[in-house]
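**Student:** So here's query23.txt, just compact mmCIF, C-alpha atoms:
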```
# COMPACT_ATOMS: atom_id res chain seq x y z
CA MET A 1 35.63 15.42 8.22
CA GLY A 2 35.29 17.99 5.48
CA SER A 3 32.32 19.87 4.05
CA ARG A 4 29.08 18.03 3.43
CA GLY A 5 28.85 16.61 -0.09
CA LYS A 6 32.64 16.29 -0.46
CA VAL A 7 33.27 13.44 1.95
CA THR A 8 35.50 10.66 0.56
CA ILE A 9 36.29 7.11 1.59
CA ASP A 10 39.80 8.34 2.52
CA ALA A 11 38.28 10.84 4.92
CA LEU A 12 35.98 8.22 6.44
CA ALA A 13 38.90 5.83 6.87
CA ARG A 14 40.97 8.47 8.67
CA GLU A 15 38.07 9.46 10.91
CA LEU A 16 37.36 5.84 11.86
CA ASP A 17 41.03 4.77 12.00
CA LEU A 18 40.33 1.97 9.53
CA ALA A 19 41.93 0.89 6.30
CA LYS A 20 40.40 2.42 3.18
CA SER A 21 39.72 -1.07 1.84
CA THR A 22 37.83 -1.97 5.03
CA VAL A 23 35.62 1.10 4.73
CA SER A 24 34.97 0.41 1.06
CA ARG A 25 34.06 -3.22 1.68
CA ALA A 26 31.81 -2.27 4.60
CA LEU A 27 29.95 0.24 2.45
CA ASN A 28 29.54 -2.24 -0.39
CA GLY A 29 28.17 -5.07 1.74
CA TYR A 30 31.04 -7.57 1.59
CA PRO A 31 30.41 -10.50 3.96
CA ASP A 32 33.98 -10.60 5.32
CA ILE A 33 33.40 -7.40 7.33
CA ALA A 34 32.22 -7.78 10.93
CA GLU A 35 28.69 -6.55 11.53
CA THR A 36 29.85 -4.15 14.26
CA THR A 37 32.39 -2.61 11.87
CA ARG A 38 29.83 -2.40 9.08
CA ALA A 39 27.33 -0.65 11.37
CA ARG A 40 30.01 1.78 12.58
CA VAL A 41 31.06 2.66 9.02
CA GLN A 42 27.48 3.07 7.81
CA ALA A 43 26.60 5.32 10.77
CA ALA A 44 29.61 7.53 10.09
CA ALA A 45 28.78 7.68 6.38
CA LEU A 46 25.24 8.80 7.08
CA ALA A 47 26.30 11.38 9.67
CA SER A 48 28.88 12.87 7.31
CA GLY A 49 26.63 13.13 4.25
CA TYR A 50 28.66 10.55 2.33
CA ALA A 51 25.49 8.56 1.46
CA ALA A 52 23.82 11.33 -0.51
CA SER A 53 26.98 12.47 -2.26
CA SER A 54 28.01 8.94 -3.21
CA MET A 55 24.57 8.24 -4.67
CA ALA A 56 24.71 11.43 -6.72
CA ARG A 57 28.16 10.56 -8.10
CA ASN A 58 27.04 7.03 -8.85
CA LEU A 59 24.02 8.19 -10.83
CA LYS A 60 26.22 10.50 -12.90
CA ARG A 61 29.00 8.10 -13.79
CA GLY A 62 27.20 4.73 -13.82
CA ARG A 63 24.41 2.80 -12.13
CA VAL A 64 23.98 -0.47 -10.35
CA ASP A 65 20.97 -1.35 -12.55
CA THR A 66 18.81 -2.31 -9.57
CA VAL A 67 15.76 -0.67 -8.03
CA GLY A 68 14.38 -1.46 -4.60
CA VAL A 69 11.12 -2.04 -2.77
CA VAL A 70 11.26 -1.94 1.03
CA LEU A 71 8.34 -3.54 2.85
CA PRO A 72 7.60 -3.35 6.58
CA GLY A 73 8.02 -6.71 8.26
CA GLU A 74 4.32 -7.61 8.42
CA GLN A 75 3.85 -6.73 4.73
CA LEU A 76 6.56 -9.07 3.48
CA ASP A 77 4.03 -11.66 2.37
CA ILE A 78 4.84 -12.89 -1.10
CA SER A 79 1.42 -14.57 -1.18
CA SER A 80 -0.32 -11.18 -1.00
CA PRO A 81 -2.41 -11.14 -4.20
CA PHE A 82 -1.91 -7.45 -4.89
CA LEU A 83 1.82 -7.53 -4.17
CA VAL A 84 2.40 -10.51 -6.44
CA GLN A 85 0.59 -8.85 -9.35
CA PHE A 86 2.17 -5.45 -8.78
CA LEU A 87 5.74 -6.79 -8.60
CA ARG A 88 5.14 -9.01 -11.62
CA GLY A 89 4.16 -5.97 -13.67
CA ALA A 90 7.15 -3.96 -12.45
CA THR A 91 9.57 -6.82 -13.08
CA ARG A 92 8.29 -7.32 -16.61
CA VAL A 93 9.25 -3.75 -17.51
CA LEU A 94 12.53 -3.75 -15.61
CA GLU A 95 13.72 -6.99 -17.20
CA THR A 96 13.40 -5.52 -20.68
CA ARG A 97 15.87 -2.80 -19.62
CA GLY A 98 18.29 -5.14 -17.87
CA ILE A 99 17.27 -3.83 -14.44
CA ASP A 100 16.88 -6.02 -11.35
CA LEU A 101 14.27 -5.57 -8.62
CA LEU A 102 15.46 -5.94 -5.03
CA VAL A 103 12.73 -6.60 -2.43
CA ALA A 104 13.92 -5.92 1.11
CA SER A 105 12.22 -6.25 4.48
CA ALA A 106 12.44 -3.76 7.32
CA PRO A 107 12.97 -5.51 10.68
CA ALA A 108 9.77 -3.86 11.96
CA PRO A 109 7.37 -1.22 10.61
CA GLU A 110 8.89 1.52 12.75
CA LYS A 111 12.43 0.60 11.68
CA TRP A 112 12.02 1.20 7.96
CA ARG A 113 14.71 3.89 7.99
CA GLU A 114 17.43 1.39 8.91
CA THR A 115 16.79 -0.61 5.75
CA TYR A 116 16.73 2.45 3.50
CA ASP A 117 19.92 3.74 5.15
CA ARG A 118 21.71 0.47 4.46
CA LEU A 119 20.63 0.27 0.81
CA ILE A 120 21.57 3.90 0.15
CA VAL A 121 24.93 3.82 1.92
CA THR A 122 25.99 0.61 0.21
CA ARG A 123 24.69 1.88 -3.16
CA LYS A 124 22.60 -1.22 -3.74
CA VAL A 125 19.91 0.52 -5.79
CA ASP A 126 19.42 3.35 -8.25
CA GLY A 127 16.00 4.26 -6.84
CA PHE A 128 12.98 3.01 -4.92
CA ILE A 129 9.35 2.07 -5.43
CA LEU A 130 7.09 2.95 -2.47
CA THR A 131 3.87 1.04 -1.84
CA ARG A 132 0.80 1.71 0.32
CA THR A 133 1.51 5.35 1.03
CA LEU A 134 0.41 6.99 4.25
CA SER A 135 -1.44 10.28 4.45
CA GLU A 136 1.65 11.75 6.09
CA ASP A 137 4.41 9.47 4.84
CA PRO A 138 7.85 9.91 6.43
CA ARG A 139 9.46 7.87 3.65
CA VAL A 140 8.64 10.61 1.14
CA ALA A 141 10.33 13.31 3.19
CA TYR A 142 13.30 11.03 3.88
CA LEU A 143 13.97 10.12 0.25
CA ARG A 144 13.51 13.69 -0.94
CA GLU A 145 16.06 14.81 1.65
CA LYS A 146 18.48 12.13 0.47
CA ALA A 147 17.94 13.15 -3.17
CA VAL A 148 17.30 9.51 -4.09
CA PRO A 149 14.92 8.81 -7.02
CA PHE A 150 11.62 7.18 -6.04
CA VAL A 151 8.10 6.70 -7.35
CA ALA A 152 5.18 6.03 -5.02
CA PHE A 153 2.18 3.90 -5.80
CA GLY A 154 -0.29 6.20 -4.10
CA ARG A 155 -0.37 9.84 -3.11
CA THR A 156 -0.06 11.49 0.29
CA ALA A 157 -2.49 13.98 1.82
CA THR A 158 -0.63 16.90 0.27
CA SER A 159 0.61 15.18 -2.93
CA GLU A 160 3.95 16.92 -2.62
CA ASN A 161 6.45 17.47 -5.38
CA PHE A 162 7.32 13.83 -5.99
CA ALA A 163 6.55 11.20 -8.60
CA TRP A 164 3.50 9.02 -8.00
CA LEU A 165 0.91 6.83 -9.66
CA ASP A 166 -2.49 6.45 -8.03
CA VAL A 167 -5.86 4.86 -8.75
CA ASP A 168 -8.94 7.05 -8.38
CA CYS A 169 -10.20 5.16 -5.35
CA GLY A 170 -12.40 8.06 -4.25
CA ALA A 171 -14.41 8.00 -7.46
CA ALA A 172 -14.74 4.21 -7.13
CA ALA A 173 -15.97 4.56 -3.55
CA ALA A 174 -18.60 7.15 -4.52
CA GLU A 175 -19.66 4.90 -7.40
CA ALA A 176 -20.08 2.01 -4.97
CA VAL A 177 -22.54 4.05 -2.90
CA ALA A 178 -24.50 5.11 -6.00
CA HIS A 179 -24.62 1.51 -7.24
CA LEU A 180 -25.99 0.16 -3.96
CA VAL A 181 -28.55 2.96 -3.60
CA ALA A 182 -29.78 2.25 -7.13
CA LEU A 183 -30.28 -1.38 -6.09
CA GLY A 184 -32.47 -0.26 -3.19
CA HIS A 185 -30.08 -0.31 -0.22
CA ARG A 186 -30.45 2.35 2.47
CA ARG A 187 -28.37 0.94 5.33
CA ILE A 188 -24.88 0.88 3.82
CA ALA A 189 -21.84 0.09 5.98
CA HIS A 190 -18.20 0.86 5.30
CA ILE A 191 -15.41 -1.46 6.47
CA THR A 192 -12.22 0.56 6.28
CA ALA A 193 -8.68 1.01 7.56
CA SER A 194 -7.09 3.79 9.56
CA PRO A 195 -7.12 7.15 7.72
CA ASN A 196 -3.35 7.09 8.21
CA VAL A 197 -3.43 4.88 5.10
CA ASN A 198 -4.00 7.43 2.36
CA PHE A 199 -6.25 5.43 0.03
CA ALA A 200 -8.45 4.51 3.02
CA ARG A 201 -8.69 8.20 3.97
CA ILE A 202 -9.72 9.15 0.42
CA ARG A 203 -12.34 6.39 0.23
CA ARG A 204 -13.75 7.23 3.66
CA GLU A 205 -14.17 10.88 2.73
CA ALA A 206 -15.83 10.02 -0.60
CA ILE A 207 -18.27 7.53 0.93
CA CYS A 208 -19.14 9.86 3.80
CA GLU A 209 -19.76 12.77 1.43
CA ARG A 210 -21.99 10.73 -0.88
CA LEU A 211 -24.02 9.16 1.96
CA LEU A 212 -24.45 12.55 3.66
CA SER A 213 -25.73 14.06 0.43
CA LEU A 214 -28.35 11.30 0.30
CA GLY A 215 -29.28 11.55 3.98
CA LEU A 216 -28.04 7.99 4.57
CA TYR A 217 -24.87 8.51 6.61
CA ASP A 218 -24.68 6.77 10.00
CA PRO A 219 -21.30 6.85 11.80
CA ALA A 220 -22.24 3.60 13.55
CA LEU A 221 -21.93 1.88 10.16
CA VAL A 222 -18.26 2.84 9.73
CA VAL A 223 -15.95 0.21 11.21
CA GLU A 224 -12.18 0.71 11.20
CA VAL A 225 -10.04 -2.44 11.19
CA GLY A 226 -6.76 -3.73 9.78
CA LEU A 227 -6.57 -4.54 6.08
CA THR A 228 -6.94 -8.32 6.50
CA ALA A 229 -9.64 -10.93 5.97
CA ASP A 230 -9.86 -11.35 9.73
CA GLY A 231 -10.50 -7.62 10.04
CA GLY A 232 -13.39 -7.90 7.60
CA ARG A 233 -14.82 -10.85 9.49
CA ARG A 234 -14.67 -9.10 12.87
CA ALA A 235 -16.15 -5.88 11.48
CA THR A 236 -19.07 -7.79 9.96
CA TYR A 237 -19.93 -9.53 13.24
CA GLU A 238 -19.89 -6.12 14.93
CA LEU A 239 -22.17 -4.57 12.33
CA MET A 240 -24.64 -7.44 12.35
CA ARG A 241 -24.99 -7.21 16.15
CA GLY A 242 -26.39 -3.68 15.80
CA GLU A 243 -29.99 -2.62 16.32
CA GLN A 244 -30.25 -1.67 12.64
CA PRO A 245 -27.89 -3.98 10.71
CA PRO A 246 -26.80 -2.91 7.22
CA THR A 247 -28.04 -4.61 4.08
CA ALA A 248 -24.83 -3.77 2.19
CA LEU A 249 -21.12 -3.62 2.98
CA ILE A 250 -18.49 -1.58 1.12
CA CYS A 251 -15.03 -2.98 1.85
CA ASP A 252 -11.78 -1.12 1.23
CA LEU A 253 -9.96 -4.23 0.00
CA ASP A 254 -11.01 -7.55 -1.47
CA LEU A 255 -9.40 -9.28 1.52
CA LEU A 256 -11.76 -7.40 3.84
CA ALA A 257 -14.66 -8.45 1.62
CA PHE A 258 -13.61 -12.11 1.74
CA GLY A 259 -13.63 -11.98 5.54
CA ALA A 260 -16.99 -10.22 5.54
CA MET A 261 -18.52 -12.84 3.25
CA GLY A 262 -17.24 -15.62 5.48
CA ALA A 263 -18.86 -14.01 8.53
CA LEU A 264 -22.18 -13.58 6.70
CA ARG A 265 -22.18 -17.24 5.68
CA ASP A 266 -21.45 -18.24 9.29
CA LEU A 267 -24.53 -16.25 10.32
CA GLY A 268 -26.68 -18.11 7.79
CA LEU A 269 -27.05 -15.15 5.43
CA ASP A 270 -27.01 -15.34 1.65
CA VAL A 271 -24.30 -13.04 0.25
CA GLY A 272 -25.65 -11.03 -2.67
CA ARG A 273 -29.26 -11.61 -1.64
CA ASP A 274 -29.65 -10.97 2.10
CA VAL A 275 -26.59 -8.73 2.31
CA SER A 276 -24.57 -7.27 -0.58
CA VAL A 277 -20.77 -7.03 -0.41
CA LEU A 278 -18.50 -4.91 -2.61
CA GLY A 279 -14.70 -5.15 -2.62
CA TYR A 280 -11.86 -3.12 -4.05
CA GLY A 281 -8.81 -4.39 -5.92
CA ASP A 282 -10.02 -7.34 -8.05
CA VAL A 283 -7.37 -9.79 -6.88
CA PRO A 284 -7.16 -13.20 -8.62
CA MET A 285 -9.41 -14.90 -6.02
CA ALA A 286 -12.26 -12.45 -6.61
CA PRO A 287 -13.83 -14.21 -9.64
CA VAL A 288 -13.49 -17.70 -8.13
CA HIS A 289 -14.68 -16.88 -4.62
CA SER A 290 -18.07 -18.15 -3.46
CA PRO A 291 -19.96 -16.16 -4.56
CA PRO A 292 -17.73 -14.34 -7.06
CA LEU A 293 -16.95 -10.89 -5.68
CA SER A 294 -18.17 -7.66 -7.25
CA THR A 295 -15.29 -5.24 -6.99
CA TRP A 296 -13.30 -2.43 -8.58
CA SER A 297 -10.15 -3.36 -10.45
CA GLN A 298 -6.89 -1.51 -9.78
CA ASP A 299 -5.19 -3.62 -12.48
CA ALA A 300 -2.22 -4.24 -10.18
CA ASP A 301 -0.07 -5.80 -12.91
CA SER A 302 -0.44 -2.75 -15.15
CA ALA A 303 0.08 -0.43 -12.17
CA GLY A 304 3.40 -2.11 -11.38
CA ALA A 305 4.49 -1.70 -14.99
CA TRP A 306 3.55 1.99 -14.99
CA VAL A 307 5.43 2.66 -11.75
CA ALA A 308 8.54 0.93 -13.10
CA GLU A 309 8.41 2.99 -16.30
CA MET A 310 8.03 6.18 -14.28
CA LEU A 311 10.97 5.32 -12.02
CA LEU A 312 13.23 4.67 -15.00
CA ALA A 313 12.17 8.00 -16.51
CA LEU A 314 12.92 9.72 -13.20
CA ILE A 315 16.38 8.14 -12.96
CA ASN A 316 17.04 9.33 -16.50
CA GLY A 317 16.32 12.91 -15.55
CA THR A 318 12.59 13.50 -16.00
CA ALA A 319 11.27 16.04 -13.49
CA PRO A 320 9.18 14.38 -10.74
CA GLU A 321 6.36 16.93 -10.91
CA ILE A 322 5.41 15.77 -14.41
CA LEU A 323 5.44 12.12 -13.33
CA GLN A 324 2.11 12.19 -11.50
CA ARG A 325 -0.78 10.09 -12.81
CA VAL A 326 -4.27 9.12 -11.66
CA ARG A 327 -5.86 6.10 -13.32
CA PRO A 328 -9.54 5.08 -13.07
CA ALA A 329 -10.68 1.93 -11.32
CA GLY A 330 -13.08 -0.25 -13.32
CA PHE A 331 -16.18 -1.88 -11.83
CA VAL A 332 -16.34 -5.64 -12.28
CA ARG A 333 -19.79 -6.83 -11.31
CA ARG A 334 -20.19 -10.45 -10.33
CA ALA A 335 -22.56 -12.12 -7.85
CA SER A 336 -21.94 -10.64 -4.38
CA ASP A 337 -24.39 -7.74 -4.76
CA GLY A 338 -28.05 -7.32 -5.64
CA ALA A 339 -31.32 -5.79 -4.56
CA PRO A 340 -31.92 -6.40 -0.82
CA ALA A 341 -34.22 -9.37 -0.20
CA LEU A 342 -34.69 -8.20 3.41
CA ASP A 343 -35.16 -4.74 4.84
CA THR A 344 -33.33 -3.81 8.01
CA ALA A 345 -36.16 -4.94 10.31
CA ALA A 346 -36.45 -8.32 8.62
CA LEU A 347 -32.68 -8.75 8.64
CA ARG A 348 -32.59 -7.99 12.36
CA GLN A 349 -35.31 -10.59 12.94
CA ARG A 350 -33.30 -13.19 10.99
CA LEU A 351 -30.21 -12.41 13.03
CA ALA A 352 -32.17 -12.66 16.29
CA GLU A 353 -32.72 -16.33 15.44
CA VAL A 354 -28.99 -16.98 15.09
CA PRO A 355 -27.44 -18.66 18.17
CA ALA A 356 -25.36 -16.26 20.26
CA THR A 357 -22.42 -18.66 19.87
CA ALA A 358 -22.27 -17.79 16.18
CA PHE A 359 -21.03 -14.32 17.13
CA PRO A 360 -17.43 -14.55 18.39
CA SER A 361 -16.81 -12.68 21.64
```
Could you render the structure from this file as structure tokens?
**Tutor:**
Amino acid sequence: MGSRGKVTIDALARELDLAKSTVSRALNGYPDIAETTRARVQAAALASGYAASSMARNLKRGRVDTVGVVLPGEQLDISSPFLVQFLRGATRVLETRGIDLLVASAPAPEKWRETYDRLIVTRKVDGFILTRTLSEDPRVAYLREKAVPFVAFGRTATSENFAWLDVDCGAAAAEAVAHLVALGHRRIAHITASPNVNFARIRREAICERLLSLGLYDPALVVEVGLTADGGRRATYELMRGEQPPTALICDLDLLAFGAMGALRDLGLDVGRDVSVLGYGDVPMAPVHSPPLSTWSQDADSAGAWVAEMLLALINGTAPEILQRVRPAGFVRRASDGAPALDTAALRQRLAEVPATAFPS
């Protein structure tokens, strides 16, 4: 079909034995093209290298003035506090430049490539924003290979040569340990996500290092769950069943902290007095929760604006290696933490009086 990078719609049409207009309409997402034909054309375009070359030509001669965010199916929750704030910040910047934001959903987490393929082949966007990066993120390698502009909110384990904005979550995690130790806590638990999620990996390493340096690290106090309120609730029940329950919980997201606080209340414990809870993120519910949550602010609205600015700079030719920023997280102390009213032995005795039915199986 010709050398890679020089494939044309004429060549695709001849190869597929279709009219040039059919191929063009299939690539540009017109609804009058049968889905089977569209899929066939898109597959041939990807195999031939047409996608990358067409994107490059488009960026040189004119743009579609749209950038995209692709979310795995289970993350497409417009009620997610962080996502709402982040996209609001990005949209505010993009609107001032006449740029639209397209939010797309992958059919399933493992099928993200299909959605990116479709948006690239049909030239729907000028670039992408990536969210919640993985330690080894295949999206980064994919978009670099396709030579498509993108900015990630979050680094990867190797922080390769791509544009990213990140919050110094490791420093915030170490600060959380220091804060709780200064209050008098010695049994400090960590409710976290899989280290496949890069920010969770960074926080886990920072907390482990700080607790080890103080002689306070206990692997039994590290519980790995999903990043949901239910995960925080389940982790807290597990921790409080232990022989030496913790007097403080560090949670990797505010949602985890909300679940943890709910579990503690169910067990008859006073959050901030009997057990301290610290979150991360400072979502809008944090100051109005009961009790108000002490947490570290990522300033999601501002982060979205920064990422949008960086993506526009990248599209306009700025080198990705100079578009790499780390911002600090700010501690917002409220009422969910304090000096421990109970030591571990007294806390265990209190929990021994709680009916077994209060602990879900």
**Student:** One number please: CA of Val121 in chain A to CA of Leu27 in chain A, in Å, one decimal.
**Tutor:**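 Taking CA of Val121 in chain A and CA of Leu27 in chain A, their separation equals 6.2 Å.
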**Student:** Looking at A:Arg40, A:His190, A:Lys124, A:Arg88, which one is nearest to Val67 in chain A, with distances taken over all atoms listed in the file?
**Tutor:**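 For Val67 in chain A, the nearest of the given residues is A:Lys124.
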**Student:** Need the shell around Thr228 in chain A: protein/DNA/RNA residues with any atom at most 12 Å away, counting all atoms listed in the file. Skip same-chain ones fewer than 4 positions apart. Format as a ChimeraX atom specification?
**Tutor:** /A:74-75,80-81,191-193,224,232-235,251-260
**Student:** Under the rule of at most 10 Å, produce a per-residue listing of range 234-292 of chain A near range 331-345 of chain A: chain, number, name, the closest pair of atoms, and the distance in Å, as CSV, using only C-alpha atoms.
**Tutor:**
```
residue,atom,partner,partner_atom,distance
A:Glu243,CA,A:Ala345,CA,8.9
A:Gln244,CA,A:Thr344,CA,6.0
A:Pro245,CA,A:Thr344,CA,6.1
A:Pro246,CA,A:Thr344,CA,6.6
A:Thr247,CA,A:Pro340,CA,6.5
A:Ala248,CA,A:Asp337,CA,8.0
A:Leu249,CA,A:Asp337,CA,9.4
A:Ala257,CA,A:Ser336,CA,9.7
A:Met261,CA,A:Ser336,CA,8.6
A:Asp270,CA,A:Ser336,CA,9.2
A:Val271,CA,A:Ser336,CA,5.7
A:Gly272,CA,A:Asp337,CA,4.1
A:Arg273,CA,A:Ala341,CA,5.6
A:Asp274,CA,A:Ala341,CA,5.4
A:Val275,CA,A:Pro340,CA,6.6
A:Ser276,CA,A:Asp337,CA,4.2
A:Val277,CA,A:Ser336,CA,5.5
A:Leu278,CA,A:Asp337,CA,6.9
A:Gly279,CA,A:Ser336,CA,9.3
A:Tyr280,CA,A:Phe331,CA,9.0
A:Gly281,CA,A:Phe331,CA,9.8
A:Asp282,CA,A:Val332,CA,7.8
A:Ala286,CA,A:Arg334,CA,9.0
A:Pro287,CA,A:Arg334,CA,7.4
A:His289,CA,A:Ser336,CA,9.6
A:Ser290,CA,A:Ser336,CA,8.5
A:Pro291,CA,A:Ala335,CA,5.8
A:Pro292,CA,A:Ala335,CA,5.4
```
**Student:** Identify, on the basis of only C-alpha atoms, every residue whose closest approach to Val307 in chain A does not exceed 7 Å; exclude the query and any residue fewer than 4 positions from it along the same chain; express the result as a PDB file with C-alpha atoms, in the coordinates of the input.
**Tutor:**
```
ATOM      1  CA  ALA A  90       7.150  -3.960 -12.450  1.00  0.00           C
ATOM      2  CA  VAL A 151       8.100   6.700  -7.350  1.00  0.00           C
ATOM      3  CA  PHE A 153       2.180   3.900  -5.800  1.00  0.00           C
ATOM      4  CA  LEU A 165       0.910   6.830  -9.660  1.00  0.00           C
ATOM      5  CA  ALA A 303       0.080  -0.430 -12.170  1.00  0.00           C
ATOM      6  CA  LEU A 311      10.970   5.320 -12.020  1.00  0.00           C
TER       7      LEU A 311
END
```
**Student:** Pick out the closest residue to Lys146 in chain A from this set: A:Gly215, A:Leu180, A:Gly49, A:Val125. Count all atoms listed in the file.
**Tutor:** A:Gly49
**Student:** Given the choices A:Ala173, A:Ala44, A:Leu16, A:Val222, which gets closest to Ile188 in chain A if the distance is worked out from only C-alpha atoms?
**Tutor:** A:Val222
**Student:** Rank A:Leu211, A:Leu351, A:Ala346, A:Val64 by their smallest atom-to-atom distance to Thr122 in chain A, using all atoms listed in the file, and report the top residue only.
**Tutor:**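 Of A:Leu211, A:Leu351, A:Ala346, A:Val64, the one nearest Thr122 in chain A, counting all atoms listed in the file, is A:Val64.
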**Student:** Considering only C-alpha atoms, can you say which of A:Arg201, A:Ser213, A:Glu145, A:Thr156 comes closest to Val177 in chain A?
**Tutor:**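 Between A:Arg201, A:Ser213, A:Glu145, A:Thr156, the residue approaching Val177 in chain A most closely is A:Ser213.
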